[in-house]
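Dropping protein.txt in here (compact mmCIF, C-alpha atoms):
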# COMPACT_ATOMS: atom_id res chain seq x y z
CA MET A 110 -5.57 -27.27 34.32
CA PRO A 111 -3.25 -28.73 36.97
CA SER A 112 -4.67 -29.16 40.47
CA VAL A 113 -2.73 -27.37 43.20
CA GLU A 114 -3.48 -28.46 46.76
CA ARG A 115 -0.03 -28.27 48.40
CA VAL A 116 2.85 -25.87 47.73
CA ALA A 117 6.39 -25.49 49.04
CA VAL A 118 7.77 -21.98 49.60
CA ILE A 119 11.50 -21.46 49.00
CA SER A 120 13.31 -18.16 49.48
CA HIS A 121 16.84 -16.79 49.32
CA GLY A 122 16.47 -15.78 52.96
CA ARG A 123 17.14 -12.05 52.55
CA ASP A 124 14.40 -9.48 53.19
CA VAL A 125 11.55 -11.74 52.11
CA ALA A 126 9.69 -12.25 55.38
CA GLU A 127 6.80 -10.12 54.14
CA PRO A 128 6.53 -11.87 50.73
CA VAL A 129 6.69 -15.29 52.44
CA ALA A 130 3.80 -14.26 54.71
CA LEU A 131 1.94 -12.99 51.65
CA VAL A 132 2.36 -16.35 49.88
CA HIS A 133 0.99 -18.17 52.93
CA GLY A 134 -1.96 -15.76 53.01
CA ILE A 135 -2.76 -16.26 49.32
CA ALA A 136 -2.54 -20.03 49.76
CA ALA A 137 -4.84 -20.02 52.80
CA ARG A 138 -7.39 -17.85 51.00
CA LEU A 139 -7.53 -20.30 48.09
CA GLY A 140 -7.55 -23.43 50.25
CA VAL A 141 -3.99 -24.40 49.33
CA GLU A 142 -1.72 -25.85 52.01
CA ALA A 143 1.79 -24.34 52.29
CA LEU A 144 4.29 -26.96 53.47
CA GLU A 145 7.99 -27.25 54.30
CA GLY A 146 8.53 -30.65 52.66
CA ASP A 147 8.80 -31.94 49.09
CA ASP A 148 5.46 -33.80 48.82
CA VAL A 149 3.76 -30.91 47.03
CA ASP A 150 2.10 -30.06 43.73
CA LEU A 151 4.03 -26.85 43.07
CA ALA A 152 7.15 -25.16 44.45
CA VAL A 153 7.14 -21.37 44.77
CA VAL A 154 10.50 -19.59 44.77
CA LEU A 155 11.01 -16.07 46.11
CA GLY A 156 14.40 -15.01 44.80
CA GLY A 157 16.52 -14.80 41.68
CA ASP A 158 18.12 -17.29 39.34
CA GLY A 159 20.43 -18.72 42.01
CA THR A 160 17.50 -19.61 44.24
CA MET A 161 15.61 -20.96 41.23
CA LEU A 162 18.52 -23.24 40.36
CA ARG A 163 18.68 -24.61 43.90
CA ALA A 164 14.95 -25.31 43.81
CA LEU A 165 15.15 -26.96 40.37
CA GLN A 166 17.98 -29.14 41.70
CA ARG A 167 15.97 -29.98 44.83
CA PHE A 168 12.94 -31.12 42.82
CA LEU A 169 14.91 -32.72 39.97
CA GLY A 170 13.24 -35.91 38.82
CA THR A 171 10.24 -35.55 41.17
CA GLY A 172 7.72 -34.17 38.68
CA VAL A 173 7.13 -31.10 40.88
CA PRO A 174 7.19 -27.89 38.82
CA VAL A 175 8.98 -24.80 40.15
CA ILE A 176 7.60 -21.29 39.63
CA GLY A 177 9.54 -18.18 40.56
CA VAL A 178 8.76 -14.68 41.81
CA ASN A 179 11.66 -12.37 41.01
CA TYR A 180 13.32 -10.98 44.13
CA GLY A 181 16.78 -11.21 42.56
CA ARG A 182 18.84 -9.17 40.13
CA VAL A 183 18.06 -10.79 36.75
CA GLY A 184 15.45 -13.47 37.36
CA PHE A 185 15.58 -14.97 33.87
CA LEU A 186 13.97 -18.18 35.11
CA THR A 187 11.23 -16.48 37.12
CA ALA A 188 7.66 -16.05 35.86
CA ILE A 189 6.27 -13.33 38.13
CA GLN A 190 7.65 -9.90 39.01
CA ALA A 191 7.72 -8.95 42.69
CA ASP A 192 5.13 -6.20 42.28
CA GLU A 193 2.72 -8.70 40.67
CA ILE A 194 3.12 -11.47 43.24
CA GLU A 195 -0.46 -11.54 44.47
CA ALA A 196 -2.20 -11.67 41.09
CA GLY A 197 0.42 -14.03 39.65
CA LEU A 198 0.32 -16.57 42.47
CA GLU A 199 -3.46 -16.54 42.63
CA ARG A 200 -3.44 -17.64 38.98
CA ALA A 201 -0.75 -20.25 39.59
CA PHE A 202 -2.56 -21.70 42.64
CA ARG A 203 -5.68 -22.05 40.51
CA GLY A 204 -3.66 -24.13 38.08
CA GLU A 205 -3.20 -21.42 35.46
CA TYR A 206 0.39 -22.19 34.51
CA GLN A 207 2.36 -24.09 31.89
CA THR A 208 5.43 -26.26 32.41
CA PHE A 209 8.67 -26.69 30.50
CA GLU A 210 10.64 -29.90 30.80
CA LEU A 211 14.26 -28.83 31.20
CA ALA A 212 17.07 -31.22 30.33
CA THR A 213 19.73 -31.79 32.98
CA LEU A 214 23.19 -33.36 32.83
CA GLU A 215 24.99 -36.15 34.64
CA VAL A 216 28.75 -36.33 35.03
CA ASP A 217 30.76 -39.37 36.12
CA VAL A 218 33.98 -38.34 37.86
CA ASN A 219 36.19 -40.03 40.45
CA GLY A 220 33.77 -42.95 40.75
CA ALA A 221 30.73 -40.79 41.56
CA THR A 222 27.82 -39.43 39.51
CA HIS A 223 26.60 -35.85 39.94
CA SER A 224 23.55 -34.06 38.45
CA ALA A 225 23.72 -30.57 36.95
CA VAL A 226 20.82 -28.23 36.26
CA ASN A 227 23.00 -25.47 34.79
CA ASP A 228 26.35 -26.78 33.60
CA VAL A 229 29.37 -29.01 34.05
CA VAL A 230 32.73 -27.26 33.70
CA VAL A 231 36.20 -28.79 33.48
CA ALA A 232 38.85 -26.13 34.12
CA GLY A 233 42.26 -25.41 35.58
CA GLY A 234 42.72 -24.16 39.10
CA THR A 235 44.95 -21.16 38.38
CA LEU A 236 43.65 -18.08 36.59
CA GLY A 237 45.76 -17.29 33.54
CA ARG A 238 47.34 -20.77 33.23
CA MET A 239 45.96 -22.78 30.33
CA VAL A 240 45.19 -26.47 30.49
CA GLU A 241 45.12 -29.06 27.72
CA LEU A 242 41.83 -30.90 27.30
CA GLY A 243 41.02 -33.75 24.97
CA TYR A 244 37.40 -34.38 24.09
CA SER A 245 35.28 -36.91 22.26
CA VAL A 246 31.57 -37.06 21.44
CA GLY A 247 29.73 -40.35 21.08
CA GLY A 248 33.05 -42.21 21.16
CA GLU A 249 34.53 -40.17 18.28
CA ASP A 250 37.73 -38.30 19.10
CA LEU A 251 37.61 -34.58 18.31
CA GLY A 252 41.18 -33.80 19.27
CA HIS A 253 42.63 -31.68 22.06
CA GLN A 254 42.59 -28.00 22.85
CA PRO A 255 44.71 -25.63 24.96
CA CYS A 256 42.20 -23.48 26.85
CA ASP A 257 41.06 -22.27 30.26
CA GLY A 258 38.28 -24.87 30.38
CA LEU A 259 35.32 -26.54 28.69
CA ILE A 260 31.65 -25.84 29.52
CA CYS A 261 28.91 -28.43 29.02
CA ALA A 262 25.69 -26.41 29.39
CA THR A 263 22.04 -27.41 29.58
CA PRO A 264 19.41 -25.22 27.90
CA THR A 265 18.89 -23.66 31.35
CA GLY A 266 22.61 -22.97 31.72
CA SER A 267 23.12 -21.87 28.12
CA THR A 268 22.22 -18.29 29.08
CA ALA A 269 24.76 -18.20 31.93
CA TYR A 270 28.54 -18.92 31.83
CA ASN A 271 28.12 -20.51 28.40
CA LEU A 272 26.63 -17.31 26.97
CA SER A 273 29.42 -15.21 28.50
CA ASN A 274 31.94 -17.30 26.57
CA GLY A 275 30.19 -16.96 23.21
CA GLY A 276 28.26 -20.22 23.38
CA PRO A 277 24.88 -20.79 21.73
CA VAL A 278 21.58 -20.16 23.50
CA LEU A 279 19.44 -23.31 23.73
CA VAL A 280 15.68 -22.85 23.96
CA TRP A 281 13.87 -24.45 26.92
CA GLY A 282 12.67 -27.91 25.92
CA LEU A 283 15.63 -28.89 23.74
CA ASP A 284 17.04 -32.28 24.71
CA ALA A 285 20.68 -31.36 24.23
CA MET A 286 23.74 -29.65 25.68
CA ALA A 287 26.13 -27.01 24.40
CA LEU A 288 29.92 -27.53 24.45
CA THR A 289 31.84 -24.26 24.66
CA PHE A 290 35.55 -23.79 25.30
CA VAL A 291 36.69 -21.06 27.67
CA ALA A 292 39.41 -18.90 26.09
CA PRO A 293 40.58 -21.51 23.56
CA HIS A 294 44.03 -20.88 22.07
CA ALA A 295 42.79 -21.24 18.50
CA LEU A 296 41.31 -19.17 15.69
CA VAL A 297 38.76 -21.68 14.43
CA ILE A 298 37.35 -23.57 17.42
CA ARG A 299 33.55 -23.28 17.63
CA PRO A 300 30.90 -24.43 20.13
CA LEU A 301 28.92 -27.59 19.48
CA VAL A 302 25.34 -28.56 20.28
CA VAL A 303 25.22 -32.24 21.25
CA PRO A 304 21.98 -34.29 21.44
CA ARG A 305 20.94 -36.92 23.94
CA GLY A 306 22.81 -40.18 23.50
CA ALA A 307 26.08 -38.60 22.35
CA ASP A 308 28.05 -38.77 25.59
CA VAL A 309 30.99 -36.40 25.98
CA THR A 310 34.33 -37.56 27.36
CA ILE A 311 36.71 -34.85 28.58
CA THR A 312 40.30 -35.88 29.33
CA ASN A 313 42.93 -33.91 31.19
CA LEU A 314 46.03 -33.92 28.98
CA THR A 315 47.85 -31.22 30.95
CA PRO A 316 51.29 -32.52 32.01
CA ASN A 317 51.71 -32.85 35.78
CA ARG A 318 48.72 -30.68 36.66
CA GLU A 319 45.18 -31.41 37.83
CA THR A 320 42.03 -29.97 36.34
CA TYR A 321 38.81 -29.59 38.30
CA VAL A 322 35.22 -30.60 37.61
CA LEU A 323 32.51 -28.17 38.69
CA VAL A 324 28.78 -28.88 38.76
CA ASP A 325 26.55 -25.79 38.87
CA GLY A 326 29.55 -23.83 40.14
CA MET A 327 30.53 -26.29 42.89
CA LYS A 328 33.75 -28.32 42.72
CA VAL A 329 32.92 -32.05 42.78
CA GLY A 330 36.16 -33.68 41.68
CA ALA A 331 39.62 -33.41 40.17
CA LEU A 332 41.22 -35.04 37.13
CA ALA A 333 44.88 -36.01 37.26
CA THR A 334 46.79 -36.12 33.98
CA GLY A 335 45.21 -38.80 31.78
CA GLU A 336 41.97 -39.04 33.78
CA HIS A 337 38.60 -38.20 32.27
CA ALA A 338 35.05 -37.14 33.08
CA LEU A 339 32.00 -38.47 31.21
CA VAL A 340 29.10 -36.04 30.65
CA ARG A 341 25.67 -36.97 29.26
CA VAL A 342 22.14 -35.62 28.99
CA SER A 343 20.29 -37.13 31.94
CA ASP A 344 17.09 -39.16 31.87
CA ARG A 345 15.82 -37.04 34.80
CA PRO A 346 14.47 -33.64 33.76
CA THR A 347 13.42 -30.82 36.01
CA LEU A 348 10.18 -28.86 35.51
CA LEU A 349 9.93 -25.07 35.21
CA ALA A 350 6.48 -23.51 35.62
CA THR A 351 5.52 -20.14 34.15
CA LEU A 352 2.33 -18.19 33.58
CA PRO A 353 0.89 -18.90 30.10
CA GLU A 354 2.07 -15.60 28.63
CA VAL A 355 5.61 -16.02 29.97
CA THR A 356 7.66 -18.00 27.43
CA PHE A 357 11.35 -18.50 26.80
CA PHE A 358 11.25 -15.79 24.17
CA THR A 359 9.47 -13.20 26.31
CA ARG A 360 12.06 -13.76 29.06
CA TYR A 361 14.91 -13.73 26.53
CA ALA A 362 13.74 -10.45 25.00
CA ALA A 363 13.20 -8.83 28.39
CA THR A 364 16.61 -9.91 29.70
CA PHE A 365 18.92 -9.75 26.69
CA GLY A 366 17.02 -7.81 24.01
CA ARG A 367 18.29 -4.39 24.92
Is it possible to give me this structure as structure tokens?
Amino acid sequence: MPSVERVAVISHGRDVAEPVALVHGIAARLGVEALEGDDVDLAVVLGGDGTMLRALQRFLGTGVPVIGVNYGRVGFLTAIQADEIEAGLERAFRGEYQTFELATLEVDVNGATHSAVNDVVVAGGTLGRMVELGYSVGGEDLGHQPCDGLICATPTGSTAYNLSNGGPVLVWGLDAMALTFVAPHALVIRPLVVPRGADVTITNLTPNRETYVLVDGMKVGALATGEHALVRVSDRPTLLATLPEVTFFTRYAATFGR
């Protein structure tokens, strides 16, 4: 089992003073040091999926696994329910957890490279006004599509905006991304699942209008007409920790199987 000597505690900052104190107490009782920095063996998140995503981004590429206690609304990525925090964290601090290596994305836009844990989205800036996007995969042109945008989702992000737009769910551990158009003006367009090594080029073909590139919901750049963004599966994964009985499928059934 993994050895846990140092942990970081991350919270969404709302009404979690008591749980934070509880985490510190559990750690002290088991001889585990709770720290503020990133040089730790395990990161503990008190919050929901938004806080989990920020923690996964923070520890991306470091080899530090992130385990979550659900103090949010959905908590799909969390492993422990709030009312089971003490028993769950005692197990985790003793090394009783498993890890999933989650693929992330990189996008090159406007001369900079950005990392995404959830998704990269290219979209217009005005609700209700379509844009025209061209796209290619692995250097092969797949045409162009009038739409509201195009989502490139990781397995982590496949159950978020991608799912809301009819995209496929990718199981944790898959080394791939999903491509899903937002409101495509077509009867036959379908999502694609693209493996590592097949880079995706998205080109703004909208006359005289910019499109915007968003990484995990944050705007990072704009594409003038004729400009493109390059999206690929990154070489730097992030690590999700769960209790042994908590798998992708148990979380999927609990969240969406009703």
Selection near Arg123 (chain A), 10 Å with only C-alpha atoms, sequence-local residues under 4 positions removed, as a ChimeraX atom specification = /A:155-156,180
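For the atom pair formed by CA of Glu336 (chain A) and CA of Ser245 (chain A), the distance is 13.5 Å, given to one decimal.
Neighbours of Thr320 (chain A) closer than or equal to 6 Å, with only C-alpha atoms counted and sequence neighbours fewer than 6 positions away skipped, come out as Ala232, Gly233, Ala331 and Leu332 of chain A.
Within 12 Å of Asn317 (chain A), once only C-alpha atoms are used and residues closer than 4 positions along the same chain are dropped, the contacting residues are A:Val240, A:Glu241, A:Asn313, A:Leu332, A:Ala333, A:Thr334, A:Gly335, A:Glu336.
Going from CA of Gly282 (chain A) over to CA of Pro300 (chain A), you cover 19.4 Å.
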Distance in Å - CA of Gly220 (chain A) versus CA of Leu169 (chain A) | 21.5 Å
Can you list every residue of region 139-181 of chain A that has an atom at most 7 Å from region 338-362 of chain A, with its nearest atom pair and the distance in Å to one decimal, using all atoms listed in the file, ordered by chain then number, as JSON lines?
{"residue": "A:Leu165", "atom": "CA", "partner": "A:Thr347", "partner_atom": "CA", "distance": 6.1}
{"residue": "A:Phe168", "atom": "CA", "partner": "A:Thr347", "partner_atom": "CA", "distance": 6.8}
{"residue": "A:Leu169", "atom": "CA", "partner": "A:Thr347", "partner_atom": "CA", "distance": 4.6}
{"residue": "A:Gly170", "atom": "CA", "partner": "A:Arg345", "partner_atom": "CA", "distance": 4.9}
{"residue": "A:Gly172", "atom": "CA", "partner": "A:Leu348", "partner_atom": "CA", "distance": 6.7}
{"residue": "A:Val173", "atom": "CA", "partner": "A:Leu348", "partner_atom": "CA", "distance": 6.6}
{"residue": "A:Pro174", "atom": "CA", "partner": "A:Leu348", "partner_atom": "CA", "distance": 4.6}
{"residue": "A:Val175", "atom": "CA", "partner": "A:Leu349", "partner_atom": "CA", "distance": 5.0}
{"residue": "A:Ile176", "atom": "CA", "partner": "A:Ala350", "partner_atom": "CA", "distance": 4.7}
For Val309 (chain A): contacts at 12 Å, all atoms listed in the file, fewer than 5 positions along chain excluded, given as a PyMOL selection string | chain A and resi 214-217+229+231+243-251+259-262+285-288+301-304+337-342
Set the distance at 7 Å and use only C-alpha atoms: which residues neighbour Glu142 (chain A) once local chain neighbours fewer than 3 positions away are removed? I'd like the list as a compact mmCIF listing (two decimals) with C-alpha atoms, in the coordinates of the input.
# COMPACT_ATOMS: atom_id res chain seq x y z
CA GLU A 114 -3.48 -28.46 46.76
CA ARG A 115 -0.03 -28.27 48.40
CA VAL A 116 2.85 -25.87 47.73
CA ALA A 136 -2.54 -20.03 49.76
CA ALA A 137 -4.84 -20.02 52.80
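With only the atoms specified (only C-alpha atoms) counting, those residues at most 7 Å away from (24.7, -26.3, 36.2) are Ala225, Val226, Asn227, Asp228, Val229, Ala262, Gly266, Val324, Asp325 and Gly326 of chain A.
Compared by their closest atoms to Leu323 (chain A), and using all atoms listed in the file, the residues A:Leu283, A:Val218, A:Val297, A:Ala164 rank with A:Val218 nearest.
The closest residue to His253 (chain A), picked from A:His133, A:His223, A:Arg167, A:His294 and counting only C-alpha atoms, is A:His294.
Using all atoms listed in the file, the smallest distance between any of A:Thr160, A:Asn271, A:Thr312, A:Thr222 and Leu186 (chain A) comes from A:Thr160.
Proximity to Ala196 (chain A) was assessed for A:Val278, A:Ala363, A:Ile135, A:Pro264 counting all atoms listed in the file; the smallest distance is recorded for A:Ile135.
Of the residues under consideration (A:Ser224, A:Gly252, A:Thr213, A:Met239), A:Thr213 shows the shortest atom-to-atom contact distance to Trp281 (chain A) when counting only C-alpha atoms.
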